[in-house]
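Novice: Dropping a structure here in structure tokens format, bear with me for questions.
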Amino acid sequence: MTNQELNELKNRFVANGAATPTTQFAERAENAELWDADGNRWIDFAGGIGVLNLGHRHPKIVAAVEAQLKKVMHTSAAVISYAPYVQLCQKLCELTPVRGPERKAMLVNTGAEALENAVKIARAATGRTGIITFDGAFHGRTMMTLAMTGKVLPYKNDFGPMPGDVFRAPFPNPLHGISEEASLEAIRTLFKTDIAPHRTAAIVIEPVQGEGGFYIASPDYLKALRALCDEHGILLIADEVQSGFARTGKLYALEHSGIEADILTTAKSLANGMPLSAVVGSAKVMDASGPNSLGGTYSGNPLSCAAALAVIEVIEEENILARSEQMGKMLAERFAVWEERFPAVAHGRQLGAMAAFELLDSDGKPDTQMTGALCAKAREKGLILLSCGFYGNSIRILVPLTVSSAVLEEGLSIIEQSLEALS
């Protein structure tokens, strides 16, 4: 079918709230490129929203899924388990920066499910109910994670009221006038005005905000937050759904700070395109809830687990962490050039290859309109590009870490050409 024919079906049968506004339909893909139903080629700087750190259809991951498909496709781990589930939990416990020495993990399907379960586990482990998150955070689209998400449009506007006992502090962001000490002081104020520390089960933070704009919590801030949690017996939950699995030059962004969380959630590139997420934590915390209290019908599907085990092998075998660092430095250099050339480009930032820059108007204010225009212009030239941010004016780079140098340069050149056209 053609793009037009598929678009007609979409308009007729797909709910508006779930339908992409674009009119192209992916037909096939390889690494950092895809081709639509009309045969047009696209460079993919979105990576399935951070899901494809190892690119579309990495051969080793495809082979692992195909091999598992010939054995067991589904039983439900709640009925009878299978080797890939427990083998992946072992690997995650060995690799994830959570407090030990004994650690345990559980598997679900999406980032939102992982955060939902992390909250349930934290409440069971502490006997407390309060959850503190941050402005600009994105934790998912289920009701609990919507309550935790710190941005109304487009996520929360139509769906209230939200679950209670969720409170919010400003994320440390000097660009938005929020110092690290001001953020910490805001949490201390919450303890006086809204939720006492002895009723707070967990503080949940993205070490690098995803949808919020790729803003980075510094090592010093994360260490101070860890100390604050320890002072009051509060669990620290690190949301690494988007920042995890090699995007920042470490397997997890939290590793840059040197601290450990009590619970860490990961998803997206964990299985590089297969639906899978995980909650990893200290064994005592993870075992706090009763038998059969966690899980779901599809949680930890055998095919997804096989894919994730292959992902871990590829990250090591192909030196992906070093590649992420290398790409990040190159992107930072390119952003600096653009900031010199184009008055609208500002505030380039990156941790490894988790990189973004902002577009500002002549008054130095966030330019959401130009940001949308840049994404549209890039798409006209064959580049899939995503915006994000509290004000919708950040351009984020989520190109697969396995992208060839030629394709990466081609995509960056399209951004540059689009900026020229809009300047």
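Residue numbering restarts at 1 for every chain of the structure tokens, chains are lettered A, B, ... in their displayed order, and ligands are numbered from 1 as they appear.
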If we count only C-alpha atoms and set the cut-off at 9 Å, which residues sit around Ile414 in chain A, ignoring sequence neighbours fewer than 3 positions away in its own chain? Please answer as a list in words.
Specialist: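 Surrounding residues, per the criterion: Lys377, Ala378, Lys381, Gly382, Leu383, Glu409, Glu410, Gly411, Gln417, Ser418 and Leu419 of chain A.
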Novice: Please, could you write that set of residues out with C-alpha atoms as a tab-separated table (two decimals), in the first residue's frame?
Specialist:
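Output (part_36.tsv):
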chain	number	residue	atom	x	y	z
A	377	LYS	CA	12.11	21.62	7.26
A	378	ALA	CA	14.36	18.70	8.19
A	381	LYS	CA	14.87	17.07	3.39
A	382	GLY	CA	14.54	13.46	4.54
A	383	LEU	CA	15.57	13.71	8.21
A	409	GLU	CA	27.27	13.76	8.77
A	410	GLU	CA	24.47	13.75	6.19
A	411	GLY	CA	21.88	14.18	8.94
A	417	GLN	CA	20.86	23.53	5.85
A	418	SER	CA	17.48	23.81	7.54
A	419	LEU	CA	18.83	26.37	10.01
Novice: If we count only C-alpha atoms and set the cut-off at 8 Å, which residues sit around Ile263 in chain A, ignoring sequence neighbours fewer than 2 positions away in its own chain? Please answer as a short mmCIF file (atom, residue, chain, number, x, y, z; two decimals) with N, CA, C and O atoms, in the first residue's frame.
Specialist:
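And here is the file that came out, result_37.cif:
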data_model
loop_
_atom_site.label_atom_id
_atom_site.label_comp_id
_atom_site.auth_asym_id
_atom_site.auth_seq_id
_atom_site.Cartn_x
_atom_site.Cartn_y
_atom_site.Cartn_z
N VAL A 98 22.63 0.04 41.63
CA VAL A 98 21.73 0.11 42.77
C VAL A 98 22.43 -0.51 43.98
O VAL A 98 23.37 -1.30 43.83
N ALA A 118 7.90 0.50 40.33
CA ALA A 118 8.89 1.07 41.25
C ALA A 118 8.19 1.79 42.40
O ALA A 118 8.62 1.68 43.57
N LEU A 235 13.57 6.38 49.79
CA LEU A 235 14.22 5.66 48.71
C LEU A 235 14.46 6.59 47.53
O LEU A 235 13.62 7.44 47.19
N LEU A 236 15.60 6.44 46.87
CA LEU A 236 15.93 7.20 45.67
C LEU A 236 15.69 6.29 44.46
O LEU A 236 16.31 5.23 44.34
N ILE A 237 14.78 6.72 43.59
CA ILE A 237 14.47 5.98 42.36
C ILE A 237 15.04 6.76 41.18
O ILE A 237 14.71 7.92 40.97
N ALA A 238 15.91 6.11 40.41
CA ALA A 238 16.47 6.71 39.19
C ALA A 238 15.68 6.21 37.99
O ALA A 238 15.62 5.00 37.74
N ALA A 261 21.38 4.12 43.27
CA ALA A 261 19.98 4.31 43.63
C ALA A 261 19.52 3.15 44.50
O ALA A 261 20.21 2.13 44.64
N THR A 265 14.90 2.20 37.14
CA THR A 265 14.04 1.70 36.07
C THR A 265 14.70 1.94 34.72
O THR A 265 15.35 2.97 34.51
N VAL A 279 12.77 -3.19 36.42
CA VAL A 279 12.95 -2.52 37.70
C VAL A 279 14.03 -3.31 38.44
O VAL A 279 13.91 -4.52 38.62
N VAL A 280 15.09 -2.62 38.85
CA VAL A 280 16.21 -3.26 39.52
C VAL A 280 16.43 -2.54 40.85
O VAL A 280 16.40 -1.31 40.91
N GLY A 281 16.65 -3.31 41.92
CA GLY A 281 16.86 -2.67 43.21
C GLY A 281 17.53 -3.59 44.20
O GLY A 281 17.79 -4.76 43.91
N SER A 282 17.78 -3.07 45.37
CA SER A 282 18.35 -3.90 46.43
C SER A 282 17.34 -4.99 46.77
O SER A 282 16.13 -4.79 46.73
#
Novice: Please identify every residue of range 189-253 of chain A that has at least one atom no farther than 8 Å from an atom of range 268-275 of chain A, counting only C-alpha atoms, and for each give the shortest atom pair and the distance in Å to one decimal, arranged by chain then increasing number, as a tab-separated table.
Specialist:
residue	atom	partner	partner_atom	distance
A:Val241	CA	A:Lys268	CA	6.0
A:Gln242	CA	A:Lys268	CA	6.3
A:Gly244	CA	A:Ser269	CA	7.4
A:Phe245	CA	A:Ser269	CA	6.1
Novice: For the residues in the current selection, export C-alpha atoms as a PDB file, in the first residue's frame.
Specialist:
ATOM      1  CA  VAL A 241      14.084   4.834  30.714  1.00  0.00           C
ATOM      2  CA  GLN A 242      15.542   7.199  28.105  1.00  0.00           C
ATOM      3  CA  GLY A 244      19.960   4.208  29.979  1.00  0.00           C
ATOM      4  CA  PHE A 245      21.692   1.579  27.877  1.00  0.00           C
TER       5      PHE A 245
END
Novice: Restricting the calculation to only C-alpha atoms: of A:Ile415, A:Leu92, A:Ile132, A:Leu69, which residue gets closest to Pro170 in chain A?
Specialist: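 Closest candidate: A:Ile132.
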Novice: For the strand (DSSP E or B) assignment from backbone DSSP, which residues of range 238-327 of chain A qualify? Please present them as a PyMOL selection string.
Specialist: chain A and resi 238-240+261+263-266+277-282
Novice: Based on the selection just made, write C-alpha atoms of those residues as a tab-separated table (two decimals), in the first residue's frame.
Specialist:
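Result saved to result_33.tsv:
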chain	number	residue	atom	x	y	z
A	238	ALA	CA	16.47	6.71	39.19
A	239	ASP	CA	14.37	6.80	36.03
A	240	GLU	CA	16.74	5.74	33.25
A	261	ALA	CA	19.98	4.31	43.63
A	263	ILE	CA	15.64	1.37	42.67
A	264	LEU	CA	16.43	2.00	39.00
A	265	THR	CA	14.04	1.70	36.07
A	266	THR	CA	15.09	1.14	32.49
A	277	SER	CA	11.37	-2.68	30.75
A	278	ALA	CA	12.95	-3.52	34.07
A	279	VAL	CA	12.95	-2.52	37.70
A	280	VAL	CA	16.21	-3.26	39.52
A	281	GLY	CA	16.86	-2.67	43.21
A	282	SER	CA	18.35	-3.90	46.43
Novice: Set the distance at 7 Å and use only C-alpha atoms: which residues neighbour Thr402 in chain A once local chain neighbours fewer than 3 positions away are removed? I'd like the list as a PyMOL selection string.
Specialist: chain A and resi 31+54-55
